[in-house]
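Here is input-v5.tsv, consisting of TSV, C-alpha atoms:
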```
chain	number	residue	atom	x	y	z
A	1209	MET	CA	-214.68	91.56	43.81
A	1210	ALA	CA	-211.19	90.89	42.49
A	1211	PHE	CA	-209.44	93.48	40.35
A	1212	PRO	CA	-207.22	92.36	37.44
A	1213	ALA	CA	-203.52	93.14	37.74
A	1214	SER	CA	-202.03	95.09	34.83
A	1215	PHE	CA	-198.62	96.23	35.96
A	1216	SER	CA	-195.00	95.10	36.25
A	1217	HIS	CA	-193.98	93.80	39.67
A	1218	SER	CA	-190.21	94.04	39.29
A	1219	ALA	CA	-187.41	93.76	36.75
A	1220	SER	CA	-187.24	90.00	37.25
A	1221	LEU	CA	-190.96	89.26	37.19
A	1222	GLN	CA	-192.54	89.36	33.75
A	1223	LEU	CA	-196.32	89.49	33.98
A	1224	SER	CA	-198.39	89.26	30.83
A	1225	ALA	CA	-202.06	89.97	31.38
A	1226	SER	CA	-205.13	90.84	29.35
A	1227	PHE	CA	-208.60	91.57	30.66
A	1228	HIS	CA	-210.45	90.77	27.44
A	1229	GLY	CA	-210.34	87.09	26.71
A	1230	GLU	CA	-206.65	86.37	26.13
A	1231	ARG	CA	-204.82	83.60	27.90
A	1232	THR	CA	-202.55	85.02	30.59
A	1233	THR	CA	-199.32	83.71	32.05
A	1234	SER	CA	-196.99	84.74	34.82
A	1235	THR	CA	-193.34	83.69	34.59
A	1236	LEU	CA	-190.66	84.28	37.17
A	1237	LEU	CA	-187.28	84.61	35.47
A	1238	PRO	CA	-184.26	83.74	37.61
A	1239	SER	CA	-181.56	86.37	37.89
A	1240	SER	CA	-178.39	85.63	35.96
A	1241	THR	CA	-175.20	84.67	37.77
A	1242	SER	CA	-171.60	84.73	36.65
A	1243	SER	CA	-169.56	81.53	36.64
A	1244	ASN	CA	-166.68	83.56	38.06
A	1245	SER	CA	-168.57	84.73	41.12
A	1246	CYS	CA	-168.68	82.72	44.32
A	1247	PRO	CA	-170.24	83.68	47.68
A	1248	PHE	CA	-167.45	81.96	49.60
A	1249	PHE	CA	-164.55	84.14	48.47
A	1250	SER	CA	-163.87	87.81	49.11
A	1251	GLY	CA	-160.45	89.06	48.03
A	1252	SER	CA	-157.82	86.78	49.54
A	1253	LYS	CA	-160.13	85.56	52.30
A	1254	THR	CA	-161.75	82.15	52.01
A	1255	MET	CA	-164.35	80.39	54.08
A	1256	SER	CA	-163.53	77.22	55.98
A	1257	PRO	CA	-164.53	73.79	54.60
A	1258	SER	CA	-167.05	73.44	57.42
A	1259	ARG	CA	-168.86	76.53	56.20
A	1260	LEU	CA	-168.92	75.01	52.73
A	1261	VAL	CA	-170.52	71.86	54.08
A	1262	VAL	CA	-173.25	73.91	55.78
A	1263	TYR	CA	-173.96	75.69	52.50
A	1264	SER	CA	-174.17	72.37	50.66
A	1265	ARG	CA	-176.72	71.13	53.17
A	1266	ARG	CA	-178.84	74.22	52.64
A	1267	LEU	CA	-178.87	73.61	48.92
A	1268	SER	CA	-179.82	69.98	49.52
A	1269	GLY	CA	-182.69	71.06	51.76
A	1270	LEU	CA	-183.98	73.48	49.14
A	1271	GLU	CA	-183.84	70.81	46.47
A	1272	GLU	CA	-185.65	68.39	48.75
A	1273	ALA	CA	-188.39	70.96	49.44
A	1274	MET	CA	-188.83	71.56	45.72
A	1275	LYS	CA	-189.00	67.81	45.09
A	1276	MET	CA	-191.67	67.39	47.79
A	1277	ARG	CA	-193.67	70.24	46.29
A	1278	ARG	CA	-193.57	68.64	42.82
A	1279	GLU	CA	-194.69	65.34	44.27
A	1280	GLN	CA	-197.57	67.04	46.09
A	1281	ARG	CA	-198.75	68.59	42.84
A	1282	GLU	CA	-198.47	65.28	40.99
A	1283	ARG	CA	-200.51	63.50	43.66
A	1284	SER	CA	-203.18	66.20	43.54
A	1285	ASN	CA	-203.39	66.10	39.77
A	1286	THR	CA	-203.54	62.31	39.54
A	1287	LYS	CA	-206.18	61.88	42.23
A	1288	PHE	CA	-208.51	64.66	41.11
A	1289	THR	CA	-211.19	63.82	38.54
A	1290	ARG	CA	-212.47	66.93	36.86
A	1291	PRO	CA	-216.23	67.38	36.39
A	1292	LEU	CA	-217.70	68.28	33.03
A	1293	PRO	CA	-216.46	71.67	31.79
A	1294	LEU	CA	-218.59	74.71	32.54
A	1295	ARG	CA	-220.92	75.86	29.80
A	1296	ARG	CA	-222.74	79.17	29.69
A	1297	GLY	CA	-226.39	78.84	30.65
A	1298	ARG	CA	-229.16	81.31	29.91
A	1299	VAL	CA	-228.57	84.74	31.45
A	1300	SER	CA	-231.80	86.45	32.44
A	1301	PRO	CA	-232.30	90.25	32.25
A	1302	ARG	CA	-230.82	92.41	35.00
A	1303	LEU	CA	-233.06	93.01	37.97
A	1304	PRO	CA	-234.51	96.46	38.75
A	1305	VAL	CA	-233.43	98.64	41.66
A	1306	PRO	CA	-235.91	101.12	43.23
A	1307	ASP	CA	-235.31	104.72	42.21
A	1308	ASP	CA	-234.97	105.90	45.81
A	1309	ILE	CA	-231.89	103.73	46.47
A	1310	PRO	CA	-228.66	105.73	45.95
A	1311	LYS	CA	-226.46	104.31	43.19
A	1312	PRO	CA	-222.69	104.51	42.67
A	1313	PRO	CA	-221.54	106.87	39.87
A	1314	TYR	CA	-220.45	104.13	37.45
A	1315	VAL	CA	-224.00	102.77	37.06
A	1316	SER	CA	-224.83	105.43	34.48
A	1317	THR	CA	-222.13	104.15	32.09
A	1318	LYS	CA	-221.10	100.74	30.77
A	1319	GLU	CA	-217.42	101.67	30.76
A	1320	LEU	CA	-215.17	99.83	33.18
A	1321	PRO	CA	-213.88	102.38	35.72
A	1322	GLU	CA	-210.12	102.70	36.07
A	1323	LEU	CA	-208.44	101.82	39.34
A	1324	ALA	CA	-208.57	104.99	41.46
A	1325	SER	CA	-205.09	106.19	42.41
A	1326	GLU	CA	-206.00	107.45	45.89
A	1327	HIS	CA	-205.74	105.23	48.95
A	1328	GLN	CA	-208.93	105.29	51.01
A	1329	PHE	CA	-208.71	106.52	54.60
A	1330	HIS	CA	-211.65	107.16	56.90
A	1331	ASP	CA	-212.50	109.34	59.84
A	1332	ALA	CA	-214.70	108.07	62.68
A	1333	GLU	CA	-217.92	108.66	60.73
A	1334	GLY	CA	-216.53	106.99	57.63
A	1335	ILE	CA	-215.40	103.97	59.62
A	1336	GLU	CA	-218.89	103.50	61.04
A	1337	LYS	CA	-220.38	103.66	57.54
A	1338	MET	CA	-217.81	101.16	56.32
A	1339	ARG	CA	-218.70	98.85	59.20
A	1340	ALA	CA	-222.40	99.07	58.30
A	1341	ALA	CA	-221.81	98.34	54.59
A	1342	CYS	CA	-219.44	95.47	55.32
A	1343	GLU	CA	-221.68	93.93	57.97
A	1344	LEU	CA	-224.57	93.95	55.49
A	1345	ALA	CA	-222.38	92.32	52.83
A	1346	ALA	CA	-221.39	89.62	55.32
A	1347	ARG	CA	-225.00	88.89	56.27
A	1348	VAL	CA	-226.04	88.67	52.62
A	1349	LEU	CA	-223.13	86.33	51.87
A	1350	GLN	CA	-224.02	84.11	54.80
A	1351	SER	CA	-227.63	83.87	53.62
A	1352	ALA	CA	-226.56	83.20	50.04
A	1353	GLY	CA	-224.33	80.35	51.23
A	1354	GLU	CA	-227.29	78.73	52.94
A	1355	LEU	CA	-228.95	78.44	49.53
A	1356	VAL	CA	-226.13	76.37	48.06
A	1357	LYS	CA	-227.34	72.85	47.29
A	1358	PRO	CA	-227.57	70.56	44.28
A	1359	SER	CA	-230.16	71.67	41.67
A	1360	ILE	CA	-230.33	75.36	42.62
A	1361	THR	CA	-229.29	77.70	39.82
A	1362	THR	CA	-226.85	80.56	40.22
A	1363	ASN	CA	-229.58	82.78	38.78
A	1364	GLU	CA	-231.77	81.91	41.78
A	1365	ILE	CA	-228.89	82.84	44.09
A	1366	ASP	CA	-228.55	86.16	42.27
A	1367	LYS	CA	-232.27	86.91	42.71
A	1368	ALA	CA	-232.09	86.18	46.44
A	1369	VAL	CA	-228.95	88.30	46.91
A	1370	HIS	CA	-230.45	91.17	44.93
A	1371	GLN	CA	-233.62	91.16	47.01
A	1372	MET	CA	-231.77	91.03	50.34
A	1373	ILE	CA	-229.60	94.00	49.35
A	1374	ILE	CA	-232.36	96.28	48.10
A	1375	ASP	CA	-234.57	95.33	51.08
A	1376	ALA	CA	-231.78	96.82	53.22
A	1377	GLY	CA	-231.87	100.04	51.23
A	1378	ALA	CA	-228.52	99.30	49.56
A	1379	TYR	CA	-227.35	98.85	45.98
A	1380	PRO	CA	-225.68	95.64	44.68
A	1381	SER	CA	-222.30	97.04	43.62
A	1382	PRO	CA	-221.53	94.59	40.76
A	1383	LEU	CA	-224.76	95.46	38.93
A	1384	GLY	CA	-223.82	97.74	36.04
A	1385	TYR	CA	-220.12	97.87	36.99
A	1386	GLY	CA	-218.43	97.99	33.58
A	1387	GLY	CA	-221.60	96.51	32.14
A	1388	PHE	CA	-221.72	93.52	34.53
A	1389	PRO	CA	-225.33	92.27	34.19
A	1390	LYS	CA	-225.98	90.75	37.60
A	1391	SER	CA	-226.01	91.64	41.30
A	1392	VAL	CA	-223.49	89.05	42.50
A	1393	CYS	CA	-220.58	87.03	41.08
A	1394	THR	CA	-221.00	83.23	41.22
A	1395	SER	CA	-217.87	81.31	40.22
A	1396	VAL	CA	-218.30	77.53	39.98
A	1397	ASN	CA	-215.52	74.90	39.91
A	1398	GLU	CA	-212.89	76.04	37.36
A	1399	CYS	CA	-214.20	79.61	37.29
A	1400	MET	CA	-211.58	81.72	39.08
A	1401	CYS	CA	-213.79	84.77	39.51
A	1402	HIS	CA	-216.41	87.10	37.97
A	1403	GLY	CA	-218.79	84.32	37.06
A	1404	ILE	CA	-222.13	85.63	35.74
A	1405	PRO	CA	-225.18	83.94	37.31
A	1406	ASP	CA	-227.22	81.94	34.81
A	1407	SER	CA	-229.58	78.96	34.45
A	1408	ARG	CA	-226.97	76.28	35.21
A	1409	GLN	CA	-227.93	74.10	38.16
A	1410	LEU	CA	-225.34	73.35	40.80
A	1411	GLN	CA	-224.28	69.72	40.87
A	1412	ASP	CA	-223.45	67.46	43.78
A	1413	GLY	CA	-219.71	67.86	44.40
A	1414	ASP	CA	-219.40	71.38	42.98
A	1415	ILE	CA	-217.67	74.24	44.73
A	1416	ILE	CA	-218.90	77.80	44.24
A	1417	ASN	CA	-217.48	81.17	45.20
A	1418	ILE	CA	-220.12	83.80	45.92
A	1419	ASP	CA	-218.79	87.36	45.80
A	1420	VAL	CA	-221.04	89.99	47.39
A	1421	THR	CA	-220.48	93.73	47.38
A	1422	VAL	CA	-223.03	96.25	48.61
A	1423	TYR	CA	-223.15	100.04	48.33
A	1424	LEU	CA	-224.74	101.51	51.46
A	1425	ASN	CA	-224.76	105.17	52.46
A	1426	GLY	CA	-222.04	105.94	49.94
A	1427	TYR	CA	-219.63	103.13	50.96
A	1428	HIS	CA	-218.85	99.70	49.47
A	1429	GLY	CA	-218.48	96.54	51.55
A	1430	ASP	CA	-216.84	93.65	49.66
A	1431	THR	CA	-216.55	89.97	50.64
A	1432	SER	CA	-216.58	86.46	49.17
A	1433	LYS	CA	-216.43	82.83	50.22
A	1434	THR	CA	-216.17	79.46	48.50
A	1435	PHE	CA	-218.96	77.07	49.51
A	1436	LEU	CA	-219.23	73.28	49.17
A	1437	CYS	CA	-222.22	71.88	47.31
A	1438	GLY	CA	-223.32	68.46	48.53
A	1439	ASN	CA	-220.72	65.71	48.73
A	1440	VAL	CA	-217.41	67.34	47.82
A	1441	ASN	CA	-214.27	65.20	47.51
A	1442	ASP	CA	-211.35	65.58	49.90
A	1443	ILE	CA	-209.04	67.18	47.31
A	1444	LEU	CA	-211.46	70.06	46.79
A	1445	LYS	CA	-212.12	70.37	50.50
A	1446	ARG	CA	-208.39	70.77	51.07
A	1447	LEU	CA	-208.15	73.43	48.34
A	1448	VAL	CA	-211.00	75.39	49.91
A	1449	LYS	CA	-209.62	75.03	53.45
A	1450	VAL	CA	-206.09	76.10	52.53
A	1451	THR	CA	-207.36	79.07	50.52
A	1452	GLU	CA	-209.30	80.38	53.51
A	1453	GLU	CA	-206.30	79.82	55.76
A	1454	CYS	CA	-204.10	81.76	53.35
A	1455	MET	CA	-206.45	84.73	53.46
A	1456	GLU	CA	-206.39	84.60	57.27
A	1457	LYS	CA	-202.58	84.40	57.30
A	1458	GLY	CA	-202.41	87.47	55.07
A	1459	ILE	CA	-204.74	89.43	57.32
A	1460	ALA	CA	-202.73	88.46	60.41
A	1461	VAL	CA	-199.66	90.45	59.30
A	1462	CYS	CA	-201.59	93.67	58.71
A	1463	LYS	CA	-201.24	96.68	61.00
A	1464	ASP	CA	-200.24	100.33	60.92
A	1465	GLY	CA	-196.72	100.63	59.49
A	1466	ALA	CA	-196.52	97.07	58.11
A	1467	SER	CA	-195.30	96.69	54.53
A	1468	PHE	CA	-197.81	95.49	51.95
A	1469	LYS	CA	-195.41	92.88	50.61
A	1470	LYS	CA	-195.68	90.95	53.88
A	1471	ILE	CA	-199.18	89.87	52.83
A	1472	GLY	CA	-197.98	88.01	49.75
A	1473	LYS	CA	-195.02	86.52	51.58
A	1474	ARG	CA	-197.12	85.08	54.39
A	1475	ILE	CA	-199.77	83.75	51.99
A	1476	SER	CA	-197.13	82.10	49.80
A	1477	GLU	CA	-195.37	80.51	52.76
A	1478	HIS	CA	-198.55	78.78	53.88
A	1479	ALA	CA	-199.71	77.75	50.39
A	1480	GLU	CA	-196.37	76.20	49.50
A	1481	LYS	CA	-196.71	73.72	52.37
A	1482	TYR	CA	-199.58	72.17	50.42
A	1483	GLY	CA	-198.20	72.53	46.90
A	1484	PHE	CA	-200.62	75.28	45.83
A	1485	ASP	CA	-199.80	78.34	43.71
A	1486	VAL	CA	-201.69	81.62	43.94
A	1487	VAL	CA	-203.24	83.22	40.87
A	1488	GLU	CA	-201.24	86.39	40.26
A	1489	ARG	CA	-203.66	87.75	37.66
A	1490	PHE	CA	-206.14	89.05	40.24
A	1491	VAL	CA	-205.40	91.23	43.25
A	1492	GLY	CA	-206.93	92.81	46.31
A	1493	HIS	CA	-207.68	96.54	46.29
A	1494	GLY	CA	-208.60	99.57	48.27
A	1495	VAL	CA	-212.33	99.89	48.91
A	1496	GLY	CA	-214.58	102.49	50.52
A	1497	LYS	CA	-216.38	105.32	48.76
A	1498	VAL	CA	-214.78	103.96	45.59
A	1499	PHE	CA	-215.24	100.30	44.61
A	1500	HIS	CA	-211.65	99.68	43.42
A	1501	SER	CA	-208.66	101.84	44.30
A	1502	GLU	CA	-205.04	101.72	45.36
A	1503	PRO	CA	-203.41	100.03	47.14
A	1504	VAL	CA	-203.11	96.99	44.90
A	1505	ILE	CA	-202.73	93.96	47.17
A	1506	LEU	CA	-200.51	91.23	45.71
A	1507	HIS	CA	-201.11	87.75	47.12
A	1508	HIS	CA	-197.75	86.29	46.03
A	1509	ARG	CA	-194.15	87.07	46.93
A	1510	ASN	CA	-193.23	90.51	45.61
A	1511	ASP	CA	-191.09	93.59	46.13
A	1512	LYS	CA	-193.90	96.12	45.96
A	1513	GLY	CA	-193.22	99.11	48.19
A	1514	GLY	CA	-195.54	100.94	50.55
A	1515	THR	CA	-196.79	100.54	54.10
A	1516	MET	CA	-200.21	100.32	55.70
A	1517	VAL	CA	-201.70	103.30	57.52
A	1518	GLU	CA	-204.20	103.38	60.37
A	1519	GLY	CA	-207.72	104.14	59.14
A	1520	GLN	CA	-207.13	102.57	55.70
A	1521	THR	CA	-209.44	99.94	54.17
A	1522	PHE	CA	-208.70	97.34	51.51
A	1523	THR	CA	-209.47	93.74	50.55
A	1524	ILE	CA	-207.39	90.59	50.75
A	1525	GLU	CA	-208.77	87.95	48.36
A	1526	PRO	CA	-206.39	85.21	47.17
A	1527	ILE	CA	-207.36	82.68	44.51
A	1528	PHE	CA	-205.75	79.24	44.44
A	1529	THR	CA	-206.07	76.45	41.91
A	1530	ILE	CA	-205.35	72.75	41.47
A	1531	GLY	CA	-203.19	72.75	38.38
A	1532	SER	CA	-202.41	75.74	36.19
A	1533	THR	CA	-202.81	79.33	37.36
A	1534	ASP	CA	-203.07	80.50	33.74
A	1535	CYS	CA	-206.52	81.72	32.79
A	1536	ILE	CA	-208.87	82.34	29.89
A	1537	THR	CA	-211.82	84.73	29.75
A	1538	TRP	CA	-215.09	84.03	27.98
A	1539	PRO	CA	-216.41	86.42	25.30
A	1540	ASP	CA	-218.60	88.10	27.94
A	1541	ASN	CA	-215.31	89.75	29.10
A	1542	TRP	CA	-215.99	88.72	32.70
A	1543	THR	CA	-216.12	84.97	33.32
A	1544	THR	CA	-212.53	83.87	33.93
A	1545	LEU	CA	-211.62	80.17	34.02
A	1546	THR	CA	-208.47	78.18	34.67
A	1547	ALA	CA	-206.78	77.39	31.36
A	1548	ASP	CA	-206.55	73.66	32.10
A	1549	GLY	CA	-210.01	73.24	33.62
A	1550	GLY	CA	-208.70	72.68	37.16
A	1551	PRO	CA	-210.81	73.94	40.09
A	1552	ALA	CA	-210.26	77.28	41.80
A	1553	ALA	CA	-211.19	78.64	45.22
A	1554	GLN	CA	-211.24	82.18	46.63
A	1555	PHE	CA	-211.96	83.93	49.92
A	1556	GLU	CA	-212.19	87.67	50.57
A	1557	HIS	CA	-212.54	90.08	53.46
A	1558	THR	CA	-212.54	93.86	53.67
A	1559	ILE	CA	-210.26	94.96	56.51
A	1560	LEU	CA	-209.59	98.18	58.41
A	1561	ILE	CA	-206.01	98.91	59.45
A	1562	THR	CA	-205.65	99.78	63.13
A	1563	ARG	CA	-202.64	100.80	65.22
A	1564	THR	CA	-202.07	97.26	66.46
A	1565	GLY	CA	-203.58	95.04	63.77
A	1566	ALA	CA	-206.49	94.74	61.36
A	1567	GLU	CA	-210.22	94.71	62.00
A	1568	ILE	CA	-212.14	92.38	59.71
A	1569	LEU	CA	-215.15	94.44	58.71
A	1570	THR	CA	-217.00	91.82	56.65
A	1571	LYS	CA	-218.18	89.73	59.60
A	1572	CYS	CA	-221.64	89.33	61.05
```
Take the structure in this file and express it as structure tokens.
Amino acid sequence: MAFPASFSHSASLQLSASFHGERTTSTLLPSSTSSNSCPFFSGSKTMSPSRLVVYSRRLSGLEEAMKMRREQRERSNTKFTRPLPLRRGRVSPRLPVPDDIPKPPYVSTKELPELASEHQFHDAEGIEKMRAACELAARVLQSAGELVKPSITTNEIDKAVHQMIIDAGAYPSPLGYGGFPKSVCTSVNECMCHGIPDSRQLQDGDIINIDVTVYLNGYHGDTSKTFLCGNVNDILKRLVKVTEECMEKGIAVCKDGASFKKIGKRISEHAEKYGFDVVERFVGHGVGKVFHSEPVILHHRNDKGGTMVEGQTFTIEPIFTIGSTDCITWPDNWTTLTADGGPAAQFEHTILITRTGAEILTKC
């Protein structure tokens, strides 16, 4: 379950974000340069004309890459026909959880918990409990995906997810988190994340992200995937495919001692080949005994410090869109849509940092 970013990345990156219904934008401001400065001169020394020619070619290549990226976006935007805008359906009452199932502390209050400042590390026993919670989340997500078809409602998916989780003796982590009324997040088409299940039926050609988190034996396992509903057009298929690949690329750079900023760099490098931009508003997060904690995982290029440590768990969960990455939030304070109505896709895994790499825990 994605956590909203609410911090400054660096002096040159101005991020304006609001969690309660305001439109959000992210603008990268270029650093200023002096007309008197030139990289080719240092004191009385000058570079040779041949070096200048090489530099000119590099600039030309950069301009060409930017031109290709703009053309890719234009082709995507002109070919894609948006479905009818999402409308809130009827939201049924929250489902009951048996009294004997342990519940996370936040369930007793409707207040949204703050991001915990502690990174989450685990001993051998904790790792086994994390594996169990994450494996359950993965199995539930897989089963939920099998339900995706035209005419099913997201409320029906929520009921099925809820039942699978409590049958396993676990608690559905989203239920009651900051007042969230359902047991799973279902984000359809232009919904970036945190969609509340309701009576709307899925339509042929929709895409839907299902975000499952379970609380088992005192540990949270968090995962999500975007599924295709019926006959989905090639543009959306590409968006979904590239988003999953970006998550995998981000995971591939993780290991003990690696810097967190490598995740965003690798994700951005892959996405830019296809003309996609990542949504900066939502981030990955530490997960374990606490649902959301440090470290904050940025999915775009950044200068955030810090390195990964063996035994640490967190999520990687990029969101990509066709069109604008700006967003709006409905009055329910949860459902977040793209500002221009373009589609969005997301994938998420919980990972464990090891000495030589990262173990994906949310697999079954």
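Distances to Cys1393 of chain A were evaluated for A:Arg1339, A:Arg1290, A:Lys1470, A:His1370 using all atoms listed in the file, and the minimum falls at A:His1370.
Counting from atom CA of Ile1373 of chain A, the distance to atom CA of Met1338 of chain A is 15.5 Å.
Using only C-alpha atoms, the shortest contact distance between Pro1291 of chain A and any of A:Leu1444, A:Leu1303, A:Ala1345, A:Ala1376 is found at A:Leu1444.
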task = Quick one: pull the distance between atom CA of Gly1334 of chain A and atom CA of Lys1497 of chain A, Å, one decimal.
result = 9.0 Å
remark   = Using only C-alpha atoms, the residue out of A:Ala1340, A:Ile1505, A:Ile1415, A:Val1305 with shortest distance to Glu1398 of chain A is A:Ile1415
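With atom CA of Ile1559 of chain A on one side and atom CA of Gly1465 of chain A on the other, the separation reads 15.0 Å.
Among the candidates A:Lys1318, A:His1428, A:Lys1337, A:Lys1463, the residue lying nearest to Met1209 of chain A is A:His1428 (atoms considered: all atoms listed in the file).
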Atom completion result for segment 1386-1394 of chain A (all heavy atoms) as an mmCIF file, keeping the file's coordinate frame:
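Result written to result36.cif:
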```cif
data_model
loop_
_atom_site.group_PDB
_atom_site.id
_atom_site.type_symbol
_atom_site.label_atom_id
_atom_site.label_comp_id
_atom_site.auth_asym_id
_atom_site.auth_seq_id
_atom_site.Cartn_x
_atom_site.Cartn_y
_atom_site.Cartn_z
ATOM 1 N N GLY A 1386 -219.037 98.335 34.866
ATOM 2 C CA GLY A 1386 -218.430 97.990 33.580
ATOM 3 C C GLY A 1386 -219.336 97.152 32.714
ATOM 4 O O GLY A 1386 -218.868 96.385 31.874
ATOM 5 N N GLY A 1387 -220.642 97.278 32.911
ATOM 6 C CA GLY A 1387 -221.600 96.510 32.140
ATOM 7 C C GLY A 1387 -221.923 95.145 32.726
ATOM 8 O O GLY A 1387 -222.665 94.358 32.105
ATOM 9 N N PHE A 1388 -221.401 94.814 33.921
ATOM 10 C CA PHE A 1388 -221.720 93.520 34.530
ATOM 11 C C PHE A 1388 -223.230 93.424 34.722
ATOM 12 O O PHE A 1388 -223.850 94.328 35.297
ATOM 13 C CB PHE A 1388 -220.993 93.367 35.869
ATOM 14 C CG PHE A 1388 -221.018 91.968 36.415
ATOM 15 C CD1 PHE A 1388 -220.103 91.031 35.979
ATOM 16 C CD2 PHE A 1388 -221.953 91.586 37.365
ATOM 17 C CE1 PHE A 1388 -220.108 89.731 36.478
ATOM 18 C CE2 PHE A 1388 -221.979 90.298 37.871
ATOM 19 C CZ PHE A 1388 -221.049 89.360 37.428
ATOM 20 N N PRO A 1389 -223.859 92.312 34.262
ATOM 21 C CA PRO A 1389 -225.330 92.270 34.190
ATOM 22 C C PRO A 1389 -226.048 91.766 35.420
ATOM 23 O O PRO A 1389 -227.285 91.725 35.427
ATOM 24 C CB PRO A 1389 -225.560 91.312 33.014
ATOM 25 C CG PRO A 1389 -224.427 90.340 33.114
ATOM 26 C CD PRO A 1389 -223.247 91.140 33.595
ATOM 27 N N LYS A 1390 -225.328 91.365 36.448
ATOM 28 C CA LYS A 1390 -225.980 90.750 37.600
ATOM 29 C C LYS A 1390 -225.565 91.414 38.911
ATOM 30 O O LYS A 1390 -224.664 92.251 38.951
ATOM 31 C CB LYS A 1390 -225.645 89.247 37.646
ATOM 32 C CG LYS A 1390 -226.296 88.452 36.507
ATOM 33 C CD LYS A 1390 -227.798 88.428 36.673
ATOM 34 C CE LYS A 1390 -228.473 87.579 35.625
ATOM 35 N NZ LYS A 1390 -229.942 87.472 35.871
ATOM 36 N N SER A 1391 -226.210 90.996 40.002
ATOM 37 C CA SER A 1391 -226.010 91.640 41.300
ATOM 38 C C SER A 1391 -224.992 90.948 42.184
ATOM 39 O O SER A 1391 -224.670 91.443 43.265
ATOM 40 C CB SER A 1391 -227.363 91.715 42.035
ATOM 41 O OG SER A 1391 -228.277 92.495 41.294
ATOM 42 N N VAL A 1392 -224.473 89.813 41.733
ATOM 43 C CA VAL A 1392 -223.490 89.050 42.500
ATOM 44 C C VAL A 1392 -222.651 88.255 41.502
ATOM 45 O O VAL A 1392 -223.093 87.964 40.390
ATOM 46 C CB VAL A 1392 -224.198 88.107 43.503
ATOM 47 C CG1 VAL A 1392 -224.957 87.010 42.787
ATOM 48 C CG2 VAL A 1392 -223.214 87.506 44.509
ATOM 49 N N CYS A 1393 -221.421 87.920 41.895
ATOM 50 C CA CYS A 1393 -220.580 87.030 41.080
ATOM 51 C C CYS A 1393 -220.682 85.621 41.660
ATOM 52 O O CYS A 1393 -220.528 85.422 42.871
ATOM 53 C CB CYS A 1393 -219.127 87.479 41.101
ATOM 54 S SG CYS A 1393 -218.833 89.111 40.393
ATOM 55 N N THR A 1394 -220.928 84.634 40.802
ATOM 56 C CA THR A 1394 -221.000 83.230 41.220
ATOM 57 C C THR A 1394 -220.030 82.433 40.365
ATOM 58 O O THR A 1394 -220.253 82.249 39.172
ATOM 59 C CB THR A 1394 -222.423 82.675 41.073
ATOM 60 O OG1 THR A 1394 -222.909 82.937 39.741
ATOM 61 C CG2 THR A 1394 -223.373 83.331 42.070
#
```
